[in-house]
$ cat final14.txt   # compact mmCIF, C-alpha atoms
# COMPACT_ATOMS: atom_id res chain seq x y z
CA MET A 135 -170.94 51.33 50.81
CA SER A 136 -171.01 52.93 47.41
CA GLU A 137 -173.50 52.27 44.66
CA THR A 138 -173.43 53.24 40.98
CA THR A 139 -176.61 54.04 39.08
CA THR A 140 -177.44 55.63 35.76
CA ALA A 141 -179.94 58.37 35.06
CA SER A 142 -182.41 55.83 33.67
CA THR A 143 -182.08 53.40 36.56
CA PRO A 144 -184.95 53.67 39.06
CA VAL A 145 -183.52 54.04 42.55
CA LEU A 146 -185.51 51.95 45.00
CA PRO A 147 -185.11 52.05 48.78
CA LEU A 148 -182.85 49.44 50.34
CA PHE A 149 -184.46 45.94 50.50
CA PHE A 150 -187.22 46.93 48.05
CA ARG A 151 -187.56 45.39 44.60
CA ARG A 152 -190.74 47.32 43.88
CA VAL A 153 -193.05 49.61 45.84
CA VAL A 154 -196.83 49.78 45.58
CA GLY A 155 -199.33 51.83 47.51
CA VAL A 156 -201.17 50.06 50.31
CA ASN A 157 -204.71 49.65 49.03
CA PRO A 158 -207.66 48.04 50.90
CA GLU A 159 -209.24 46.87 47.64
CA GLN A 160 -206.14 45.17 46.26
CA HIS A 161 -204.69 44.00 49.57
CA ALA A 162 -207.78 43.14 51.57
CA THR A 163 -206.63 39.56 52.22
CA LEU A 164 -203.00 40.26 53.03
CA ARG A 165 -201.62 39.50 56.49
CA LEU A 166 -198.43 40.58 58.24
CA ASP A 167 -196.32 37.80 59.72
CA ARG A 168 -193.18 39.14 61.41
CA GLY A 169 -192.21 35.62 62.42
CA VAL A 170 -190.60 34.96 59.03
CA GLY A 171 -187.48 36.80 60.21
CA TYR A 172 -185.04 39.20 58.63
CA GLY A 173 -183.76 37.25 55.64
CA TYR A 174 -184.51 40.23 53.39
CA ALA A 175 -181.76 42.19 55.20
CA ALA A 176 -179.05 39.52 54.85
CA ALA A 177 -177.28 41.46 52.08
CA GLY A 178 -177.57 44.90 53.70
CA GLN A 179 -174.04 46.01 54.55
CA SER A 180 -175.37 49.24 56.08
CA VAL A 181 -178.75 50.81 56.83
CA PRO A 182 -179.78 54.43 57.45
CA ILE A 183 -180.52 55.36 61.04
CA GLY A 184 -182.66 58.05 62.60
CA LEU A 185 -181.49 60.62 65.11
CA GLY A 186 -183.57 59.19 67.96
CA GLU A 187 -181.96 55.74 67.71
CA LEU A 188 -178.38 56.81 67.05
CA GLU A 189 -177.30 56.35 70.66
CA ALA A 190 -178.86 52.86 70.85
CA VAL A 191 -177.28 51.89 67.53
CA SER A 192 -173.87 53.09 68.72
CA GLN A 193 -173.89 50.42 71.44
CA HIS A 194 -173.79 47.68 68.79
CA TYR A 195 -172.46 48.99 65.46
CA PRO A 196 -170.08 51.61 64.08
CA VAL A 197 -172.12 54.69 63.18
CA LEU A 198 -170.75 56.25 60.01
CA PHE A 199 -171.85 59.00 57.66
CA ALA A 200 -172.40 58.03 54.04
CA GLY A 201 -170.03 59.64 51.58
CA GLY A 202 -171.21 62.07 48.94
CA PRO A 203 -173.13 65.34 49.18
CA LEU A 204 -175.69 64.02 51.71
CA PRO A 205 -173.75 62.58 54.67
CA THR A 206 -176.60 60.68 56.33
CA ALA A 207 -175.89 58.47 59.34
CA VAL A 208 -175.77 54.72 58.79
CA ALA A 209 -175.15 51.64 60.91
CA LEU A 210 -172.38 49.45 59.48
CA LEU A 211 -173.50 45.82 59.60
CA GLY A 212 -170.80 44.10 57.54
CA LEU A 213 -167.27 44.50 56.24
CA ARG A 214 -167.95 43.31 52.71
CA GLU A 215 -170.40 44.48 50.09
CA GLY A 216 -173.60 42.46 50.28
CA GLU A 217 -172.83 41.18 53.78
CA ASN A 218 -174.84 41.61 56.98
CA LEU A 219 -173.10 39.84 59.85
CA PHE A 220 -176.13 40.12 62.12
CA VAL A 221 -178.68 38.08 60.15
CA LEU A 222 -178.27 34.42 61.06
CA PRO A 223 -178.75 31.61 58.49
CA ASP A 224 -182.28 30.93 59.76
CA GLY A 225 -183.29 34.59 59.29
CA ARG A 226 -183.10 35.59 62.95
CA TRP A 227 -181.23 38.74 63.97
CA ARG A 228 -178.39 38.08 66.40
CA PRO A 229 -180.26 38.08 69.74
CA ASP A 230 -177.68 40.25 71.51
CA ALA A 231 -177.83 43.08 68.97
CA TYR A 232 -180.20 46.01 68.43
CA VAL A 233 -182.35 45.78 65.29
CA PRO A 234 -182.27 49.14 63.48
CA ALA A 235 -185.63 50.83 62.89
CA TYR A 236 -185.23 50.80 59.11
CA VAL A 237 -185.01 46.99 59.22
CA ARG A 238 -188.06 46.73 61.49
CA ALA A 239 -190.13 49.06 59.32
CA PHE A 240 -189.92 46.78 56.26
CA PRO A 241 -192.04 45.95 54.25
CA PHE A 242 -193.65 49.39 54.68
CA ILE A 243 -192.25 52.78 53.75
CA PHE A 244 -193.47 56.32 53.14
CA VAL A 245 -193.09 57.36 49.50
CA GLU A 246 -193.31 60.81 47.96
CA ASP A 247 -195.28 61.10 44.73
CA ALA A 248 -192.94 62.67 42.17
CA ALA A 249 -195.71 64.68 40.53
CA THR A 250 -197.78 65.92 43.48
CA ARG A 251 -195.10 65.72 46.23
CA ALA A 252 -197.76 64.08 48.40
CA LEU A 253 -196.77 61.26 50.75
CA TYR A 254 -198.39 57.85 50.67
CA VAL A 255 -197.81 54.52 52.43
CA GLY A 256 -196.00 52.07 50.20
CA MET A 257 -194.95 48.48 50.67
CA GLU A 258 -192.92 45.68 49.10
CA PRO A 259 -195.78 43.44 47.88
CA ASP A 260 -193.54 40.39 47.45
CA ALA A 261 -192.09 40.49 50.97
CA ASP A 262 -192.06 37.14 52.77
CA SER A 263 -193.78 38.76 55.75
CA LEU A 264 -196.87 39.62 53.67
CA ARG A 265 -198.90 36.43 53.45
CA ARG A 266 -202.42 35.12 53.04
CA ASP A 267 -202.08 32.03 55.20
CA SER A 268 -200.59 33.37 58.45
CA GLY A 269 -200.14 36.51 60.47
CA ALA A 270 -202.42 39.41 61.41
CA PRO A 271 -204.72 40.94 58.75
CA LEU A 272 -203.93 44.40 57.37
CA PHE A 273 -207.59 45.24 56.78
CA GLU A 274 -210.93 44.31 58.25
CA ASP A 275 -214.11 45.46 56.54
CA GLY A 276 -212.01 47.67 54.29
CA LYS A 277 -210.44 49.54 57.19
CA PRO A 278 -206.84 49.37 58.49
CA THR A 279 -206.36 47.10 61.48
CA ALA A 280 -204.31 48.04 64.53
CA VAL A 281 -201.39 46.09 63.05
CA LEU A 282 -201.33 48.20 59.90
CA SER A 283 -201.96 51.45 61.77
CA GLU A 284 -199.08 50.72 64.13
CA SER A 285 -196.78 49.88 61.22
CA VAL A 286 -197.68 53.14 59.47
CA ALA A 287 -197.13 55.16 62.65
CA PHE A 288 -193.74 53.50 63.11
CA CYS A 289 -192.73 54.35 59.53
CA SER A 290 -193.90 57.94 60.00
CA ALA A 291 -191.88 58.37 63.20
CA PHE A 292 -188.81 56.84 61.58
CA ARG A 293 -189.11 59.14 58.57
CA ASP A 294 -189.12 62.15 60.89
CA ASN A 295 -186.10 60.75 62.73
CA LEU A 296 -184.31 60.19 59.44
CA THR A 297 -184.94 63.80 58.45
CA ALA A 298 -183.48 64.93 61.78
CA SER A 299 -180.47 62.67 61.30
CA ALA A 300 -179.86 64.14 57.85
CA ALA A 301 -179.96 67.65 59.33
CA LEU A 302 -177.23 66.66 61.80
CA GLY A 303 -175.11 65.26 58.97
CA ARG A 304 -175.45 68.45 56.96
CA ALA A 305 -174.49 70.57 59.97
CA LEU A 306 -171.39 68.47 60.67
CA GLU A 307 -170.37 68.73 57.03
CA ALA A 308 -170.94 72.49 56.98
CA GLU A 309 -168.69 72.91 60.02
CA GLY A 310 -165.94 70.86 58.39
CA LEU A 311 -166.02 68.13 61.04
CA LEU A 312 -166.44 65.19 58.67
CA GLU A 313 -163.62 63.53 56.78
CA GLU A 314 -163.80 60.69 54.27
CA GLU A 315 -161.98 57.58 55.42
CA GLU A 316 -161.24 54.04 54.31
CA ALA A 317 -160.85 50.98 56.53
CA ASN A 318 -158.40 48.29 55.42
CA ILE A 319 -158.61 45.15 57.54
CA THR A 320 -156.20 42.22 57.50
CA PHE A 321 -157.49 39.20 59.41
CA THR A 322 -155.19 37.16 61.66
CA HIS A 323 -156.10 33.87 59.97
CA GLY A 324 -155.91 35.22 56.45
CA GLY A 325 -158.01 37.38 54.19
CA VAL A 326 -158.48 41.10 53.86
CA SER A 327 -161.43 43.45 53.67
CA ARG A 328 -161.79 47.09 52.68
CA VAL A 329 -164.65 49.42 53.59
CA ARG A 330 -164.77 52.80 51.88
CA GLY A 331 -167.17 55.54 50.89
CA PHE A 332 -167.88 56.78 54.41
CA LYS A 333 -167.12 59.79 56.56
CA VAL A 334 -166.46 60.19 60.28
CA VAL A 335 -166.19 63.12 62.66
CA LYS A 336 -162.62 64.06 63.47
CA PRO A 337 -162.64 64.72 67.26
CA GLU A 338 -159.77 67.17 67.11
CA ARG A 339 -161.87 69.47 64.96
CA LEU A 340 -164.58 69.91 67.58
CA ASP A 341 -162.62 72.77 69.13
CA ARG A 342 -163.24 74.76 65.94
CA VAL A 343 -166.98 74.84 66.56
CA GLY A 344 -168.04 78.21 67.94
CA ASP A 345 -169.83 78.49 71.28
CA GLU A 346 -173.05 79.77 69.68
CA THR A 347 -173.16 76.86 67.25
CA PHE A 348 -172.39 74.37 70.02
CA LEU A 349 -175.22 75.74 72.15
CA ASP A 350 -177.57 75.54 69.18
CA TRP A 351 -176.63 71.89 68.70
CA ARG A 352 -177.34 71.26 72.37
CA ARG A 353 -180.81 72.82 72.02
CA ARG A 354 -181.46 70.60 69.02
CA GLY A 355 -180.48 67.48 70.97
CA TRP A 356 -177.50 66.77 68.72
CA LEU A 357 -174.71 66.50 71.27
CA GLY A 358 -175.69 63.05 72.55
CA PRO A 359 -175.87 61.56 69.02
CA LEU A 360 -172.63 63.32 68.06
CA TYR A 361 -170.67 61.80 70.93
CA ALA A 362 -172.41 58.46 70.43
CA HIS A 363 -171.01 58.44 66.88
CA LEU A 364 -167.51 58.98 68.27
CA HIS A 365 -167.91 56.24 70.89
CA SER A 366 -169.28 53.82 68.29
CA MET A 367 -165.84 53.53 66.68
CA ALA A 368 -165.12 50.94 69.37
CA ARG A 369 -167.66 48.64 67.65
CA TRP A 370 -165.36 47.91 64.71
CA GLY A 371 -163.83 45.16 66.80
CA ARG A 372 -167.13 43.27 66.98
CA LEU A 373 -167.50 43.36 63.19
CA ILE A 374 -163.94 42.16 62.71
CA ASP A 375 -164.48 39.26 65.12
CA LEU A 376 -167.67 38.21 63.35
CA ALA A 377 -166.16 38.54 59.87
CA ALA A 378 -162.81 36.89 60.60
CA PRO A 379 -162.16 33.54 58.91
CA ALA A 380 -162.02 30.62 61.31
CA ALA A 381 -158.62 29.48 62.51
CA PRO A 382 -157.26 26.48 60.57
CA VAL A 383 -157.80 23.15 62.29
CA ALA A 384 -154.57 21.51 63.45
CA ASN A 385 -153.92 18.00 62.10

$ encode --input "final14.txt" --output "structure tokens"
Amino acid sequence: MSETTTASTPVLPLFFRRVVGVNPEQHATLRLDRGVGYGYAAAGQSVPIGLGELEAVSQHYPVLFAGGPLPTAVALLGLREGENLFVLPDGRWRPDAYVPAYVRAFPFIFVEDAATRALYVGMEPDADSLRRDSGAPLFEDGKPTAVLSESVAFCSAFRDNLTASAALGRALEAEGLLEEEEANITFTHGGVSRVRGFKVVKPERLDRVGDETFLDWRRRGWLGPLYAHLHSMARWGRLIDLAAPAAPVAN
């Protein structure tokens, strides 16, 4: 869950190889075909999650907080770097698992212009879901279609939820509730895996939180997501089952 970059390395959002602004002149013939699946997410070991979906995510994945100075909430999708256990070989997401909003928002994303600080709608122009031979058009007569408008609205709502999730992470860190941990897993049929670079809330520290702060968190709608994070620790077992090597076949 850790990534090393240099000062000269451009940091692109997860799943994106490049980002361009959505433009009706340049992209007038592009279509969105969601039927191509989620192959682009096959190497995503974790994805950021918004506050509003944290409880839903906790029903399917461990919810962790990324290590470092900005402890944002993430859904853990694999036990090895570059592994997503929920994308099947044909690109489908496992049908019994929730698809995180960040995954569903791709290939669109809101981007902040470094010079003006203004927001604009960006996209991954080489995404498999953007085609010219199938899917719903992004523009008609130079204007956004309902498909594009809905995608933009979804990205906008997710960005707001991500901001709210980051605020929760900062508050938990400020109160000293988060602790960095490392998971070392030894599989029954051989093999080991180690996940590190994440933080979790230590339940025994909740008693340190003052009543005024606790009430403020309740007003902000943070208590449900906080306890969902704690309950999500039970989801490690699902990841271990999916990642475990198959038992050797008896001769």

$ closest_residue --input "final14.txt" --among "A:Val156, A:Gly303, A:Asp167, A:Asp247" --to "A:Pro182" --atoms "all atoms listed in the file"
A:Gly303

$ atom_distance --input "final14.txt" --atom1 "atom CA of A:Gly169" --atom2 "atom CA of A:Ala231"
17.5 Å

$ closest_residue --input "final14.txt" --among "A:Ser283, A:Ala298, A:Ala200, A:Ala261" --to "A:Glu313" --atoms "all atoms listed in the file"
A:Ala200

$ residues_around --input "final14.txt" --residues "stretch 164-166 of chain A" --least-positions-apart "4" --cutoff "9 Å" --atoms "all atoms listed in the file" --output "compact mmCIF listing (two decimals) with C-alpha atoms, in the coordinates of the input"
# COMPACT_ATOMS: atom_id res chain seq x y z
CA GLN A 160 -206.14 45.17 46.26
CA SER A 263 -193.78 38.76 55.75
CA LEU A 264 -196.87 39.62 53.67
CA ARG A 265 -198.90 36.43 53.45
CA ARG A 266 -202.42 35.12 53.04
CA ASP A 267 -202.08 32.03 55.20
CA SER A 268 -200.59 33.37 58.45
CA GLY A 269 -200.14 36.51 60.47
CA ALA A 270 -202.42 39.41 61.41
CA PRO A 271 -204.72 40.94 58.75
CA LEU A 272 -203.93 44.40 57.37
CA PHE A 273 -207.59 45.24 56.78
CA VAL A 281 -201.39 46.09 63.05
CA LEU A 282 -201.33 48.20 59.90

$ closest_residue --input "final14.txt" --among "A:Arg369, A:His194, A:His161, A:Arg214" --to "A:Ala177" --atoms "only C-alpha atoms"
A:Arg214

$ axis_aligned_box --input "final14.txt" --around "stretch 330-333 of chain A" --padding-each-side "8 Å" --output "lines of an AutoDock Vina configuration file"
center_x = -166.3
center_y = 56.3
center_z = 53.7
size_x = 19.1
size_y = 23.0
size_z = 21.7

$ residues_near_point --input "final14.txt" --point "(-157.1, 47.6, 50.8)" --cutoff "10 Å" --atoms "only C-alpha atoms" --output "PyMOL selection string"
chain A and resi 316-320+326-330

$ closest_residue --input "final14.txt" --among "A:Ala175, A:Ser299, A:Ala209, A:Val221" --to "A:Pro241" --atoms "all atoms listed in the file"
A:Ala175

$ residues_around --input "final14.txt" --residues "A:Leu364" --least-positions-apart "5" --cutoff "10 Å" --atoms "all atoms listed in the file" --output "ChimeraX atom specification"
/A:192,196-198,334-337,359

$ atom_distance --input "final14.txt" --atom1 "atom CA of A:Ile183" --atom2 "atom CA of A:Ser366"
13.5 Å

$ closest_residue --input "final14.txt" --among "A:Glu284, A:Asp260, A:Glu346, A:Glu187" --to "A:Arg151" --atoms "all atoms listed in the file"
A:Asp260

$ atom_distance --input "final14.txt" --atom1 "atom CA of A:Arg152" --atom2 "atom CA of A:Tyr195"
28.3 Å

$ closest_residue --input "final14.txt" --among "A:Val153, A:Ala176, A:Val286, A:Leu376" --to "A:Arg226" --atoms "all atoms listed in the file"
A:Ala176

$ residues_around --input "final14.txt" --residues "A:Leu211" --least-positions-apart "6" --cutoff "8 Å" --atoms "all atoms listed in the file" --output "list in words"
Gly178, Gln179, Ser180, Val181, Tyr195, Glu217, Asn218, Leu219, Phe220 and Leu373 of chain A

$ write_last_selection --input "final14.txt" --atoms "C-alpha atoms" --output "compact mmCIF listing (two decimals), in the coordinates of the input"
# COMPACT_ATOMS: atom_id res chain seq x y z
CA GLY A 178 -177.57 44.90 53.70
CA GLN A 179 -174.04 46.01 54.55
CA SER A 180 -175.37 49.24 56.08
CA VAL A 181 -178.75 50.81 56.83
CA TYR A 195 -172.46 48.99 65.46
CA GLU A 217 -172.83 41.18 53.78
CA ASN A 218 -174.84 41.61 56.98
CA LEU A 219 -173.10 39.84 59.85
CA PHE A 220 -176.13 40.12 62.12
CA LEU A 373 -167.50 43.36 63.19
